[in-house]
Amino acid sequence: MAHGPSTYKPTNAFTRWLDSRLPIIRFLDDTMMQFPTPKNLNYWFTFGGILMIMLVVQIISGIVLAMHYVPHETLAFDSVERIMRDVNYGWLIRYIHSNGASFFFIAVYLHIFRGLYYGSYKAPREVLWLLGIVIYLLMMATGFLGYTLPWGQMSFWGATVITNFFSAIPFVGEAITQWLWGSFAVDNSTLQRFFSLHYLLPFVIAGVVILHIWALHVPGNNNPLGIDVKGPADTVPFHPYYTTKDGFAIAVFLLFFCYFVFFNPNFLGHADNYIPANRLVTPAHIVPEWYYLPLYAVLRSVPDKLFGVILMFGAIFVWALLPWLDTSRVRSNKFRPIMRQLFWILMFVIFILGYLGAQTADDSNLVFFGIELPIGKLLLAQIFTIYYFLHFLVITPLVGLLETPHPVPESISKAVLAKKGAASAASA
Amino acid sequence: MKLKALLALAAGLALAGVAYAAEGDVKHPEPQKWSWEGAFGKFDRQQLQRGYQVYKEVCAACHAMHLVSFRNLSQPGGPEFSEAQMKAIAASFQVPAIDDKGEVIQRAGIPADRFPSPFPNETAARAANNNAYPVDLSVIVKARHDGANYIYALLTGYADTPSEFQLLPGLNYNPYFPGKQIAMPAPLVSDGQVTWPEGNPPATKEQMARDVVAFLAWTAEPKLEERKLMGVQVMIFLLGLSVLLYFAYKRLWRDVDH
Amino acid sequence: MDNANVTRRDFLYVASAGASAVGAALALWPFIDQMNPAADTLALKEVEFDLSPIVAGQIVTIEWQKKPVFVRRRTPEEIKAAEETPMADLKDPQTDKDRVQKPEWLILVATCTHLGCVPSKEMKGEFGGWLCPCHGSHYDTSGRIRKGPAPKNLAVPPYQFLSDTKVLIGAAPQSGGAAPAQHHG
């Protein structure tokens with residue numbers, strides 16, 4: 001693609017014949033084998049490959065579950081239990097799918113935060129970053145739709161709460177929620193359309209992923225130094241160097257994943273979802289899945305319905321502005337002494353927001369590991385929400401202008417050699 | 001920095017779990033030791049058979065278990081009753097059916113039948129139980145936070161009502177139940193309530209509670225043993241694969257400055 | 001690079017690629033096996049059926065294991081025709097005795113052995129048994145294939161008589177009964 005002419009040489013009569021008609025092998029060879037990749041990528045850069053695997057795992061296990069699942073309010077819960085009890089390896093496939101959603105989100109958050117830390121969103125990778133945000137939003141929607149399908153108490157009330165976001169829209173909110181439900185409340189019609197869309201969206205995700213990878217292959221990978229590739233000395237071919245490294249990372253990731261699937265499959269879920277949906281009783285403590293918790297805290301920090309919903313979506317939307325809010329000339333936080341600290345503060349803020357999102361919906365004081373802190377949960381959520389937005393909208397542009405970055409190396413290979421030299425000097 | 005992020009993630013997951021647990025001032029169940037815990041945990045067949053008997057003789061009068069079939073009682077990883085015992089159990093239940101003339105009748109159960117529900121529908125169940133609905137017990141251990149410990153605590157936790165406690169009429173005091181009052185009267189009231197075959201431990205209230213909890217843990221997760229066995233095999237394989245891939249990766253990159 | 005190094009390197013690559021491939025192949029099996037009949041589908045299903053309302057010459061269709069089953073009370077002429085058919089006339093030779101426990105009662109899986117349609121009980125075909133409406137297979141009064149594309153006789157399900165008027169379809173016959181279900185080859 002952008003990196004010089006194709007080096008693929010068809011080796012036999014068939015591949016020569018095919019290459020002049022549909023050069024698909026050439027395309028795959030250029031993009032997945034020969035593709036010049038910076039040679040200094042660390043393990044944080046393996047999550048792209050891990051996410052590809054998780055998308056495939058989720059699509060395959062989901063297609064299989066759909067062969068047994070029945071999207072009907074009177075049958076859905078029992079059909080899931082039939083999968084768990086009677087379908088051959090049904091328990092395995094269902095636990096892969098339910099835990100797979102969580103691990104998909106773990107990987108995508110690490111992938112996003114890696115991009116934040118190393119400035120992967122900055123020019124010329126803005127479109128790559130924006131496509132990533134689209135994928136994340138589609139994942140959120142897919143995860144939510146899928147969580148409705150077992151038709152347990154959390155499914156039902158989660159669907160009720162989330163669809164009610166739209167009732168915040170002035171004038172037409174009521175009409176829109178009824179349109180979403182196909183009824184006066186979450187109903188069988190809602191379940192059936194959610195199933196249809198839950199099956200559809202992953203293929204939309206796969207399509208956007210292809211665009212995401214295309215947009216990656218035009219400028220090429222960012223890297224921990226955040227500097228551009230200067231020449232062949234800075235890169236290695238993707239295969240076998242990164243296929244092997246990504247393969248190792250994938251195996252380790254699957255090890256963590258399989259621990260949960262086989263030994264703690266319900267840890268990331270909620271016990272109430274094994275209670276069949278009951279439209280007359282809301283569970284005492286309703287929380288979303290963990291991957292929505294920080295956003296849930298942002299939503300609840302505002303006592304106004306419409307503004308809360310806007311702020312929650314705004315918390316993701318600020319990411320889309322980031323390529324233009326970040327005024328720094330340097331990409332990687334490795335060379336940004338102040339921004340590097342602020343990055344970890346942001347991580348802490350998001351973590352606390354997630355923690356607050358899991359708390360009960362009252363304004364009592366926060367109890368942290370048995371110690372009551374002299375501050376209300378609501379106030380705390382508000383402070384952290386304000387900081388979250390300040391980080392992106394104010395701090396990022398200002399620090400980019402005021403901070404003096406460390407000197408950036410001339411090229412990846414020079415930086416590598418300098419590091420090697422320092423290491424051998426130290427050991428000598 | 002890497003370590004910091006991993007720790008934060010781990011803490012996040014752990015805290016999410018902790019947060020779910022926090023609920024009012026009800027008494028938290030004391031953790032018990034259960035045979036099926038841990039990577040190599042298995043159910044105790046004898047315990048499940050005893051627990052089944054407690055379910056049948058004590059719980060089944062009010063509580064349905066509609067996801068469980070009689071055939072499950074003899075499948076691997078469960079109580080593993082013999083085929084003949086299981087068929088006899090099935091035949092001892094009357095299940096609703098329709099005869100040749102279209103009349104609703106009761107017939108003896110067969111292995112493929114599910115456990116019949118004690119009440120024809122929720123309304124009937126409520127009418128017979130002072131408007132409280134005896135929940136289906138099929139997945140109850142998974143449907144409660146800390147399920148096994150909670151149900152054991154609930155079954156053994158009935159106590160005299162403290163003098164300052166305002167008990168509503170028709171309810172019973174139980175400090176482990178949300179709100180501390182529960183419609184279900186204490187189901188296990190005396191030692192020896194269930195008579196087990198020779199060679200089993202004495203049927204104390206605690207033992208009966210433990211055994212029925214074990215049985216309900218199995219009905220909630222009948223593939224647990226298969227899952228853990230496969231899990232150990234998968235983990236060993238993935239560990240080996242990770243090591244191989246690690247050395248392949250290190251070997252390959254040895255000649256690259258990076 | 002010396003030879004030992006090359007060998008070790010090759011071994012590592014081949015072993016890790018091989019192990020990955022084996023792992024992927026093993027992981028595939030649950031995703032294939034899930035399409036096989038589930039445990040509740042496989043669970044023993046027996047159907048008890050009351051024969052008393054059926055009059056001679058009548059054919060009743062009931063359902064067993066999601067398939068139609070014919071229960072036919074044969075007339076003496078039909079029994080005679082079935083018993084006296086020479087083996088040489090049969091595509092899938094089998095005596096009538098091997099296909100019934102009591103000559104009066106013919107019990108068959110009503111699935112044409114050609115492509116699975118249900119043979120018609122109204123159109124009895126050239127041999128007085130059944131005619132398959134899909135591709136014109138003719139069966140005789142023992143349910144044996146006589147003409148048309150079907151390769152085999154209609155299958156006999158396992159069954160046992162609980163009494164003179166009650167039959168349990170799906171249960172292996174009591175010992176001493178007539179030849180059982182292990183249908184022909």
# chains A, B, ... in the order shown; residues from 1 in each chain; ligands from 1
>>> residues_around(residues="B:Val135", least_positions_apart="4", cutoff="10 Å", atoms="only C-alpha atoms", output="PyMOL selection string")
(chain A and resi 275) or (chain B and resi 62-65+122+125+140)
>>> write_last_selection(atoms="C-alpha atoms", output="CSV table (one decimal), in the first residue's frame")
chain,number,residue,atom,x,y,z
A,275,ILE,CA,-34.2,-14.8,37.9
B,62,CYS,CA,-44.3,-25.8,47.5
B,63,HIS,CA,-41.2,-25.2,45.3
B,64,ALA,CA,-41.1,-26.2,41.6
B,65,MET,CA,-37.9,-27.2,39.8
B,122,GLU,CA,-48.3,-18.6,39.9
B,125,ALA,CA,-49.2,-20.8,44.2
B,140,ILE,CA,-31.7,-20.7,42.7
>>> residues_around(residues="B:Leu67", least_positions_apart="3", cutoff="12 Å", atoms="only C-alpha atoms", output="ChimeraX atom specification")
/A:77-86 /B:64,70-72,112-117,136-140,216,219-222 /C:40
>>> write_last_selection(atoms="C-alpha atoms", output="PDB file, in the first residue's frame")
ATOM      1  CA  PHE A  77     -35.009 -17.754  29.641  1.00  0.00           C
ATOM      2  CA  ASP A  78     -35.729 -21.472  29.427  1.00  0.00           C
ATOM      3  CA  SER A  79     -34.098 -21.756  26.011  1.00  0.00           C
ATOM      4  CA  VAL A  80     -30.872 -20.355  27.460  1.00  0.00           C
ATOM      5  CA  GLU A  81     -31.103 -22.889  30.282  1.00  0.00           C
ATOM      6  CA  ARG A  82     -31.719 -25.633  27.715  1.00  0.00           C
ATOM      7  CA  ILE A  83     -28.479 -24.551  26.033  1.00  0.00           C
ATOM      8  CA  MET A  84     -26.759 -24.841  29.427  1.00  0.00           C
ATOM      9  CA  ARG A  85     -28.233 -28.272  30.198  1.00  0.00           C
ATOM     10  CA  ASP A  86     -29.102 -30.220  27.083  1.00  0.00           C
TER      11      ASP A  86
ATOM     12  CA  ALA B  64     -41.080 -26.163  41.604  1.00  0.00           C
ATOM     13  CA  PHE B  70     -35.833 -37.046  36.011  1.00  0.00           C
ATOM     14  CA  ARG B  71     -33.248 -38.348  33.516  1.00  0.00           C
ATOM     15  CA  ASN B  72     -30.777 -35.770  34.883  1.00  0.00           C
ATOM     16  CA  ALA B 112     -37.841 -37.598  29.900  1.00  0.00           C
ATOM     17  CA  ASP B 113     -40.364 -35.697  32.035  1.00  0.00           C
ATOM     18  CA  ARG B 114     -39.406 -32.637  34.003  1.00  0.00           C
ATOM     19  CA  PHE B 115     -40.190 -32.347  37.689  1.00  0.00           C
ATOM     20  CA  PRO B 116     -43.883 -31.430  37.883  1.00  0.00           C
ATOM     21  CA  SER B 117     -44.688 -28.151  39.583  1.00  0.00           C
ATOM     22  CA  ASP B 136     -38.617 -22.123  41.280  1.00  0.00           C
ATOM     23  CA  LEU B 137     -35.470 -23.752  42.669  1.00  0.00           C
ATOM     24  CA  SER B 138     -33.842 -24.930  39.400  1.00  0.00           C
ATOM     25  CA  VAL B 139     -31.174 -22.209  39.272  1.00  0.00           C
ATOM     26  CA  ILE B 140     -31.671 -20.660  42.712  1.00  0.00           C
ATOM     27  CA  LEU B 216     -29.509 -27.246  44.392  1.00  0.00           C
ATOM     28  CA  THR B 219     -29.378 -28.443  39.594  1.00  0.00           C
ATOM     29  CA  ALA B 220     -28.176 -24.884  38.946  1.00  0.00           C
ATOM     30  CA  GLU B 221     -24.961 -26.003  37.280  1.00  0.00           C
ATOM     31  CA  PRO B 222     -25.322 -29.631  36.161  1.00  0.00           C
TER      32      PRO B 222
ATOM     33  CA  ASP C  40     -33.583 -33.622  25.822  1.00  0.00           C
TER      34      ASP C  40
END
>>> interface_residues(of="chain C", to="chain A", cutoff="9 Å", atoms="only C-alpha atoms", output="number ranges by chain")
C: 20, 30-31, 33-41
>>> write_last_selection(atoms="C-alpha atoms", output="compact mmCIF listing (two decimals), in the first residue's frame")
# COMPACT_ATOMS: atom_id res chain seq x y z
CA SER C 20 -1.72 -23.70 17.53
CA PRO C 30 -17.82 -28.35 20.43
CA PHE C 31 -19.00 -25.98 17.71
CA ASP C 33 -21.14 -31.28 18.04
CA GLN C 34 -23.63 -28.68 19.25
CA MET C 35 -25.65 -29.32 16.10
CA ASN C 36 -26.20 -32.98 17.01
CA PRO C 37 -29.47 -33.79 18.79
CA ALA C 38 -29.47 -32.36 22.32
CA ALA C 39 -29.89 -34.46 25.45
CA ASP C 40 -33.58 -33.62 25.82
CA THR C 41 -34.21 -34.61 22.21
>>> select_by_dssp(residues="stretch 70-274 of chain A", states="strand (DSSP E or B)", output="list in words")
Gly152, Thr235, Val236 and Pro237 of chain A
>>> write_last_selection(atoms="C-alpha atoms", output="PDB file, in the first residue's frame")
ATOM      1  CA  GLY A 152     -33.545 -12.345  33.226  1.00  0.00           C
ATOM      2  CA  THR A 235      10.646  -1.774  10.348  1.00  0.00           C
ATOM      3  CA  VAL A 236      10.282  -5.539  10.148  1.00  0.00           C
ATOM      4  CA  PRO A 237       7.791  -7.469   7.998  1.00  0.00           C
TER       5      PRO A 237
END
>>> residues_around(residues="A:Trp151", least_positions_apart="4", cutoff="6 Å", atoms="only C-alpha atoms", output="MDAnalysis selection string")
chainID A and resid 77 155:156 277
>>> residues_around(residues="stretch 143-147 of chain A", least_positions_apart="4", cutoff="7 Å", atoms="only C-alpha atoms", output="PyMOL selection string")
chain A and resi 101+139+155+194+198
>>> residues_around(residues="stretch 173-185 of chain B", least_positions_apart="2", cutoff="8 Å", atoms="only C-alpha atoms", output="list in words")
Gly24, Val26, Lys27, His28, Pro29, Asn130, Ala132, Pro134, Tyr150, Ala153, Leu154, Gly157, Tyr158, Ala159, Asp160, Thr161, Leu167, Leu168, Gly170, Leu171 and Pro187 of chain B
>>> write_last_selection(atoms="C-alpha atoms", output="PDB file, in the first residue's frame")
ATOM      1  CA  GLY B  24     -28.688  -2.968  53.600  1.00  0.00           C
ATOM      2  CA  VAL B  26     -29.007  -7.869  56.513  1.00  0.00           C
ATOM      3  CA  LYS B  27     -26.680 -10.429  58.000  1.00  0.00           C
ATOM      4  CA  HIS B  28     -24.085 -11.693  55.553  1.00  0.00           C
ATOM      5  CA  PRO B  29     -23.919 -15.449  55.177  1.00  0.00           C
ATOM      6  CA  ASN B 130     -50.525 -16.344  51.828  1.00  0.00           C
ATOM      7  CA  ALA B 132     -46.079 -15.279  48.683  1.00  0.00           C
ATOM      8  CA  PRO B 134     -42.475 -20.029  46.325  1.00  0.00           C
ATOM      9  CA  TYR B 150     -26.762 -17.673  51.376  1.00  0.00           C
ATOM     10  CA  ALA B 153     -27.539 -19.475  56.031  1.00  0.00           C
ATOM     11  CA  LEU B 154     -31.191 -18.848  55.246  1.00  0.00           C
ATOM     12  CA  GLY B 157     -30.822 -18.933  60.198  1.00  0.00           C
ATOM     13  CA  TYR B 158     -34.412 -18.862  61.481  1.00  0.00           C
ATOM     14  CA  ALA B 159     -34.363 -17.383  64.950  1.00  0.00           C
ATOM     15  CA  ASP B 160     -36.654 -15.987  67.616  1.00  0.00           C
ATOM     16  CA  THR B 161     -37.842 -12.518  66.726  1.00  0.00           C
ATOM     17  CA  LEU B 167     -42.687  -8.595  62.514  1.00  0.00           C
ATOM     18  CA  LEU B 168     -45.572  -8.392  60.061  1.00  0.00           C
ATOM     19  CA  GLY B 170     -47.760 -14.187  58.564  1.00  0.00           C
ATOM     20  CA  LEU B 171     -44.023 -13.595  58.214  1.00  0.00           C
ATOM     21  CA  PRO B 187     -38.611 -25.737  56.455  1.00  0.00           C
TER      22      PRO B 187
END
